[in-house]
file work_6.cif (mmCIF, C-alpha atoms)
data_structure
#
loop_
_atom_site.group_PDB
_atom_site.id
_atom_site.type_symbol
_atom_site.label_atom_id
_atom_site.label_comp_id
_atom_site.auth_asym_id
_atom_site.auth_seq_id
_atom_site.Cartn_x
_atom_site.Cartn_y
_atom_site.Cartn_z
ATOM 1 C CA GLY A 167 27.966 -3.730 -9.441
ATOM 2 C CA GLY A 168 31.446 -3.387 -10.874
ATOM 3 C CA GLY A 169 32.052 -6.258 -13.236
ATOM 4 C CA ALA A 170 34.484 -5.960 -16.099
ATOM 5 C CA ALA A 171 34.885 -2.206 -15.488
ATOM 6 C CA THR A 172 36.436 -2.957 -12.090
ATOM 7 C CA PRO A 173 40.234 -2.982 -12.330
ATOM 8 C CA THR A 174 41.918 -6.281 -11.536
ATOM 9 C CA PRO A 175 44.348 -6.297 -8.584
ATOM 10 C CA PRO A 176 47.634 -4.534 -9.361
ATOM 11 C CA ALA A 177 50.295 -6.911 -10.640
ATOM 12 C CA GLY A 178 52.758 -8.101 -8.058
ATOM 13 C CA ILE A 179 50.458 -8.184 -5.016
ATOM 14 C CA THR A 180 51.619 -10.837 -2.573
ATOM 15 C CA LEU A 181 50.277 -12.170 0.711
ATOM 16 C CA PRO A 182 52.419 -13.433 3.566
ATOM 17 C CA TYR A 183 51.742 -17.050 4.523
ATOM 18 C CA LEU A 184 53.924 -19.189 6.794
ATOM 19 C CA GLY A 185 56.612 -16.519 6.660
ATOM 20 C CA GLU A 186 56.746 -16.361 2.866
ATOM 21 C CA ASP A 187 55.368 -13.740 0.487
ATOM 22 C CA LEU A 188 53.366 -15.607 -2.138
ATOM 23 C CA PRO A 189 51.603 -14.192 -5.223
ATOM 24 C CA LEU A 190 47.945 -13.352 -4.674
ATOM 25 C CA SER A 191 47.054 -15.674 -7.570
ATOM 26 C CA LYS A 192 48.135 -18.652 -5.436
ATOM 27 C CA PHE A 193 45.353 -17.856 -2.941
ATOM 28 C CA LEU A 194 42.480 -17.129 -5.323
ATOM 29 C CA GLY A 195 39.779 -19.662 -6.092
ATOM 30 C CA ARG A 196 36.833 -19.397 -8.475
ATOM 31 C CA ALA A 197 35.516 -17.166 -5.696
ATOM 32 C CA THR A 198 37.458 -15.911 -2.663
ATOM 33 C CA LEU A 199 36.235 -14.497 0.626
ATOM 34 C CA VAL A 200 38.720 -12.220 2.413
ATOM 35 C CA VAL A 201 37.972 -11.575 6.088
ATOM 36 C CA ASN A 202 39.879 -9.445 8.604
ATOM 37 C CA MET A 203 39.801 -11.561 11.741
ATOM 38 C CA LYS A 204 40.487 -11.000 15.444
ATOM 39 C CA LEU A 205 40.576 -14.007 17.758
ATOM 40 C CA ASP A 206 39.521 -12.250 20.960
ATOM 41 C CA ASP A 207 36.473 -10.647 19.341
ATOM 42 C CA PRO A 208 33.233 -11.832 21.014
ATOM 43 C CA ILE A 209 31.849 -13.002 17.638
ATOM 44 C CA SER A 210 35.066 -14.767 16.662
ATOM 45 C CA GLY A 211 33.732 -18.231 17.571
ATOM 46 C CA GLN A 212 30.570 -18.051 15.501
ATOM 47 C CA GLU A 213 32.375 -16.357 12.584
ATOM 48 C CA MET A 214 35.329 -18.742 12.339
ATOM 49 C CA THR A 215 33.108 -21.805 12.778
ATOM 50 C CA ALA A 216 30.716 -20.558 10.075
ATOM 51 C CA LEU A 217 33.602 -19.747 7.720
ATOM 52 C CA GLU A 218 35.072 -23.208 8.216
ATOM 53 C CA SER A 219 31.770 -24.934 7.428
ATOM 54 C CA LEU A 220 31.346 -22.718 4.340
ATOM 55 C CA GLY A 221 34.847 -23.738 3.256
ATOM 56 C CA GLN A 222 34.038 -27.411 3.785
ATOM 57 C CA LYS A 223 30.825 -27.095 1.795
ATOM 58 C CA LEU A 224 31.931 -24.901 -1.105
ATOM 59 C CA GLY A 225 35.710 -25.375 -1.102
ATOM 60 C CA PRO A 226 35.428 -28.404 -3.403
ATOM 61 C CA LYS A 227 33.533 -26.175 -5.882
ATOM 62 C CA GLY A 228 36.295 -23.590 -5.872
ATOM 63 C CA LEU A 229 35.748 -21.291 -2.887
ATOM 64 C CA ARG A 230 38.826 -20.065 -1.010
ATOM 65 C CA ILE A 231 38.614 -18.262 2.343
ATOM 66 C CA LEU A 232 41.417 -16.024 3.564
ATOM 67 C CA ALA A 233 41.195 -15.010 7.213
ATOM 68 C CA VAL A 234 43.606 -12.121 7.711
ATOM 69 C CA PRO A 235 44.848 -11.322 11.229
ATOM 70 C CA THR A 236 46.153 -7.853 12.065
ATOM 71 C CA ASP A 237 47.718 -5.991 14.973
ATOM 72 C CA GLN A 238 45.607 -2.937 14.206
ATOM 73 C CA GLY A 239 42.543 -1.974 16.194
ATOM 74 C CA TRP A 240 42.559 -4.179 19.287
ATOM 75 C CA PHE A 241 46.060 -5.588 19.390
ATOM 76 C CA GLU A 242 46.393 -9.275 18.464
ATOM 77 C CA PRO A 243 48.847 -10.554 21.120
ATOM 78 C CA ASP A 244 49.617 -13.836 19.365
ATOM 79 C CA THR A 245 52.070 -14.437 16.547
ATOM 80 C CA SER A 246 50.711 -15.412 13.138
ATOM 81 C CA ASP A 247 51.553 -19.068 13.781
ATOM 82 C CA VAL A 248 49.749 -19.072 17.131
ATOM 83 C CA VAL A 249 46.690 -17.377 15.584
ATOM 84 C CA ARG A 250 46.685 -20.173 12.998
ATOM 85 C CA GLN A 251 46.986 -22.884 15.658
ATOM 86 C CA LYS A 252 44.273 -21.407 17.871
ATOM 87 C CA SER A 253 41.936 -21.039 14.893
ATOM 88 C CA LYS A 254 42.464 -24.704 14.124
ATOM 89 C CA TYR A 255 42.093 -26.028 17.668
ATOM 90 C CA ALA A 256 39.327 -23.742 18.870
ATOM 91 C CA TYR A 257 37.175 -23.566 15.721
ATOM 92 C CA ASN A 258 38.631 -26.237 13.476
ATOM 93 C CA TYR A 259 39.240 -23.378 11.038
ATOM 94 C CA GLY A 260 42.099 -23.740 8.584
ATOM 95 C CA GLY A 261 44.438 -26.520 7.704
ATOM 96 C CA THR A 262 42.838 -27.111 4.320
ATOM 97 C CA VAL A 263 43.724 -25.209 1.170
ATOM 98 C CA ASN A 264 40.107 -23.977 1.119
ATOM 99 C CA ALA A 265 40.369 -21.949 4.314
ATOM 100 C CA ILE A 266 43.591 -20.483 5.643
ATOM 101 C CA VAL A 267 44.840 -17.881 8.087
ATOM 102 C CA THR A 268 47.433 -15.638 6.430
ATOM 103 C CA ASP A 269 50.270 -14.038 8.375
ATOM 104 C CA LYS A 270 49.419 -10.680 9.986
ATOM 105 C CA VAL A 271 49.140 -7.601 7.781
ATOM 106 C CA ASN A 272 47.995 -4.018 8.206
ATOM 107 C CA VAL A 273 44.422 -3.807 6.963
ATOM 108 C CA GLU A 274 44.381 -0.031 7.550
ATOM 109 C CA ALA A 275 46.781 2.863 7.020
ATOM 110 C CA PRO A 276 49.594 3.448 7.864
ATOM 111 C CA ASN A 277 51.442 0.872 5.771
ATOM 112 C CA GLN A 278 48.144 -0.610 4.586
ATOM 113 C CA HIS A 279 48.696 -3.906 2.796
ATOM 114 C CA PRO A 280 48.352 -3.473 -1.009
ATOM 115 C CA LEU A 281 45.517 -6.026 -1.211
ATOM 116 C CA TYR A 282 43.481 -4.115 1.371
ATOM 117 C CA LYS A 283 44.356 -0.774 -0.219
ATOM 118 C CA TYR A 284 43.103 -2.121 -3.549
ATOM 119 C CA MET A 285 39.928 -3.692 -2.110
ATOM 120 C CA VAL A 286 38.749 -0.717 -0.016
ATOM 121 C CA ASN A 287 39.402 1.767 -2.812
ATOM 122 C CA THR A 288 37.839 -0.405 -5.500
ATOM 123 C CA LEU A 289 34.797 -1.203 -3.384
ATOM 124 C CA PRO A 290 33.927 1.407 -0.731
ATOM 125 C CA THR A 291 31.000 0.811 1.622
ATOM 126 C CA PRO A 292 27.533 1.899 0.415
ATOM 127 C CA ALA A 293 28.089 5.165 2.313
ATOM 128 C CA GLY A 294 31.369 5.692 0.447
ATOM 129 C CA GLY A 295 33.582 4.655 3.359
ATOM 130 C CA LYS A 296 36.981 3.254 2.548
ATOM 131 C CA ARG A 297 38.169 2.312 6.032
ATOM 132 C CA ILE A 298 37.871 -1.155 7.485
ATOM 133 C CA GLY A 299 35.592 -0.129 10.317
ATOM 134 C CA LEU A 300 35.360 -3.331 12.333
ATOM 135 C CA ASN A 301 36.622 -6.890 12.614
ATOM 136 C CA PHE A 302 35.129 -9.551 10.333
ATOM 137 C CA GLU A 303 34.360 -7.316 7.395
ATOM 138 C CA LYS A 304 34.312 -9.469 4.287
ATOM 139 C CA PHE A 305 35.114 -8.989 0.613
ATOM 140 C CA LEU A 306 33.873 -11.433 -2.023
ATOM 141 C CA LEU A 307 36.314 -11.597 -4.940
ATOM 142 C CA ASP A 308 35.741 -12.985 -8.417
ATOM 143 C CA ALA A 309 38.044 -15.505 -10.125
ATOM 144 C CA GLU A 310 40.475 -12.705 -11.056
ATOM 145 C CA GLY A 311 40.535 -11.183 -7.577
ATOM 146 C CA ARG A 312 38.172 -8.240 -8.206
ATOM 147 C CA PRO A 313 35.937 -7.412 -5.233
ATOM 148 C CA LEU A 314 32.275 -7.727 -6.219
ATOM 149 C CA ARG A 315 30.607 -7.273 -2.840
ATOM 150 C CA ARG A 316 31.644 -6.099 0.612
ATOM 151 C CA TYR A 317 29.880 -7.250 3.779
ATOM 152 C CA PRO A 318 29.869 -5.613 7.193
ATOM 153 C CA ARG A 319 30.808 -7.353 10.426
ATOM 154 C CA LYS A 320 27.272 -8.377 11.459
ATOM 155 C CA PHE A 321 26.260 -9.757 8.057
ATOM 156 C CA THR A 322 26.217 -13.493 8.667
ATOM 157 C CA VAL A 323 28.158 -16.040 6.664
ATOM 158 C CA GLY A 324 24.857 -17.845 6.071
ATOM 159 C CA ALA A 325 23.367 -14.730 4.487
ATOM 160 C CA LEU A 326 26.188 -14.350 1.976
ATOM 161 C CA THR A 327 26.271 -18.003 0.907
ATOM 162 C CA ALA A 328 23.894 -17.425 -2.029
ATOM 163 C CA ASP A 329 26.273 -14.790 -3.436
ATOM 164 C CA VAL A 330 29.209 -17.193 -3.172
ATOM 165 C CA GLN A 331 27.237 -19.990 -4.836
ATOM 166 C CA ALA A 332 26.236 -17.710 -7.729
ATOM 167 C CA LEU A 333 29.899 -16.857 -8.387
ATOM 168 C CA LEU A 334 30.968 -20.503 -8.265
ATOM 169 C CA GLU A 335 28.326 -21.461 -10.807
ATOM 170 C CA ALA A 336 29.315 -18.780 -13.355
ATOM 171 C CA ASP A 337 31.751 -19.792 -16.093
ATOM 172 C CA THR A 338 33.966 -16.705 -16.359
ATOM 173 C CA ALA A 339 34.928 -13.722 -14.232
ATOM 174 C CA GLU A 340 32.796 -11.534 -16.511
ATOM 175 C CA ALA A 341 29.814 -13.836 -16.033
ATOM 176 C CA GLN A 342 30.370 -13.780 -12.266
ATOM 177 C CA ALA A 343 29.621 -10.056 -11.949
ATOM 178 C CA ALA A 344 26.371 -10.542 -13.853
ATOM 179 C CA ALA A 345 25.478 -13.653 -11.858
ATOM 180 C CA LEU A 346 25.802 -11.948 -8.466
ATOM 181 C CA PRO A 347 22.297 -11.658 -6.972
ATOM 182 C CA ALA A 348 20.982 -8.159 -6.300
ATOM 183 C CA ALA A 349 21.903 -6.809 -2.881
ATOM 184 C CA THR A 350 19.232 -7.641 -0.310
ATOM 185 C CA GLN A 351 17.535 -5.213 2.049
ATOM 186 C CA ALA A 352 19.206 -7.091 4.911
ATOM 187 C CA TRP A 353 22.583 -6.220 3.362
ATOM 188 C CA VAL A 354 21.646 -2.537 3.072
ATOM 189 C CA ASP A 355 20.316 -2.483 6.658
ATOM 190 C CA SER A 356 23.394 -4.218 8.027
ATOM 191 C CA TRP A 357 25.635 -1.538 6.501
ATOM 192 C CA VAL A 358 23.545 1.209 8.104
ATOM 193 C CA ALA A 359 23.933 -0.557 11.466
ATOM 194 C CA ALA A 360 27.671 -1.077 10.835
ATOM 195 C CA SER A 361 28.236 2.639 10.172
ATOM 196 C CA ALA A 362 26.597 3.483 13.492
ATOM 197 C CA GLU A 363 28.624 0.817 15.317
ATOM 198 C CA ALA A 364 31.920 1.977 13.749
ATOM 199 C CA ARG A 365 31.243 5.579 14.807
ATOM 200 C CA LYS A 366 30.577 4.390 18.374
ATOM 201 C CA SER A 367 33.860 2.463 18.533
ATOM 202 C CA GLU A 368 36.030 5.336 17.224
#

call {"tool": "encode", "arguments": {"input": "work_6.cif", "output": "structure tokens"}}
result
Amino acid sequence: GGGAATPTPPAGITLPYLGEDLPLSKFLGRATLVVNMKLDDPISGQEMTALESLGQKLGPKGLRILAVPTDQGWFEPDTSDVVRQKSKYAYNYGGTVNAIVTDKVNVEAPNQHPLYKYMVNTLPTPAGGKRIGLNFEKFLLDAEGRPLRRYPRKFTVGALTADVQALLEADTAEAQAAALPAATQAWVDSWVAASAEARKSE
């Protein structure tokens, strides 16, 4: 893993929320999960529902979840506000500080959002890939916003909960990197499957 050697996010990164660009620091918790979402994806229901229950469970301990909609890939026909409303009504996701839907950004080039540019370059996939291959890829960030682990689309929210818990229990950002459990075989296997799936969808 990266740990203290991993550069912190470049100063000045902002995220759009409710039409306003706010500093990244406003969105970070003791641990933060960043997910590129797509409402009409077939797994959207299970993903958003699982993310919401994770936020309910671990939000009080300092977890923040940022679901990030985008127009890239399969076009997201709804505005950012409508994506937020649908997430709330369909999956009860959002509406607490622990779990929000940001405004839409580009998660890929061209005009890739600086947070995504930083995350994919700091933490490529195990195969060295820097692109966001599929919807619902997830990055787990430490208290300072450094990505410590990246999860492919099919890696379930339940399977990454232990990693999140380990980060929430560590005292400092430095301790968080050391506290992160070793990557599981399931994680390795899911990345192999994700690479194959991404190639198919290109």

call {"tool": "resolve_selection", "arguments": {"input": "work_6.cif", "expression": "the PyMOL selection byres ((chain A and resi 225-232) around 10)", "output": "PyMOL selection string"}}
result
chain A and resi 193-203+217-224+233-235+260+262-268+304-309+330-331+333-335

call {"tool": "closest_residue", "arguments": {"input": "work_6.cif", "among": "A:Gln251, A:Gly311, A:Thr291, A:Asp337", "to": "Trp353 (chain A)", "atoms": "only C-alpha atoms"}}
result
A:Thr291

call {"tool": "resolve_selection", "arguments": {"input": "work_6.cif", "expression": "the PyMOL selection byres ((chain A and resi 358) around 12)", "output": "NGL selection string"}}
result
:A and (291-295 or 317-321 or 351-357 or 359-365)

call {"tool": "residues_near_point", "arguments": {"input": "work_6.cif", "point": "(22.3, -11.8, -11.0)", "cutoff": "12 Å", "atoms": "all atoms listed in the file", "output": "number ranges by chain"}}
result
A: 167, 169, 314, 328-333, 335-336, 340-350

call {"tool": "atom_distance", "arguments": {"input": "work_6.cif", "atom1": "CA of Pro290 (chain A)", "atom2": "CA of Arg312 (chain A)"}}
result
12.9 Å

call {"tool": "atom_distance", "arguments": {"input": "work_6.cif", "atom1": "CA of Pro313 (chain A)", "atom2": "CA of Thr172 (chain A)"}}
result
8.2 Å

call {"tool": "atom_distance", "arguments": {"input": "work_6.cif", "atom1": "CA of Asn272 (chain A)", "atom2": "CA of Tyr259 (chain A)"}}
result
21.4 Å

call {"tool": "resolve_selection", "arguments": {"input": "work_6.cif", "expression": "the PyMOL selection byres ((chain A and resi 179-189) around 10)", "output": "ChimeraX atom specification"}}
result
/A:175-178,190-194,234,246-247,250,266-271,279-281,284

call {"tool": "residues_around", "arguments": {"input": "work_6.cif", "residues": "Asp206 (chain A)", "least_positions_apart": "4", "cutoff": "10 Å", "atoms": "all atoms listed in the file", "output": "MDAnalysis selection string"}}
result
chainID A and resid 210:211 240:243

call {"tool": "closest_residue", "arguments": {"input": "work_6.cif", "among": "A:Val249, A:Lys366, A:Ile209, A:Thr236", "to": "Tyr282 (chain A)", "atoms": "all atoms listed in the file"}}
result
A:Thr236

call {"tool": "axis_aligned_box", "arguments": {"input": "work_6.cif", "around": "region 173-178 of chain A", "padding_each_side": "3 Å", "output": "lines of an AutoDock Vina configuration file"}}
result
center_x = 46.5
center_y = -5.5
center_z = -10.2
size_x = 18.5
size_y = 11.1
size_z = 10.3
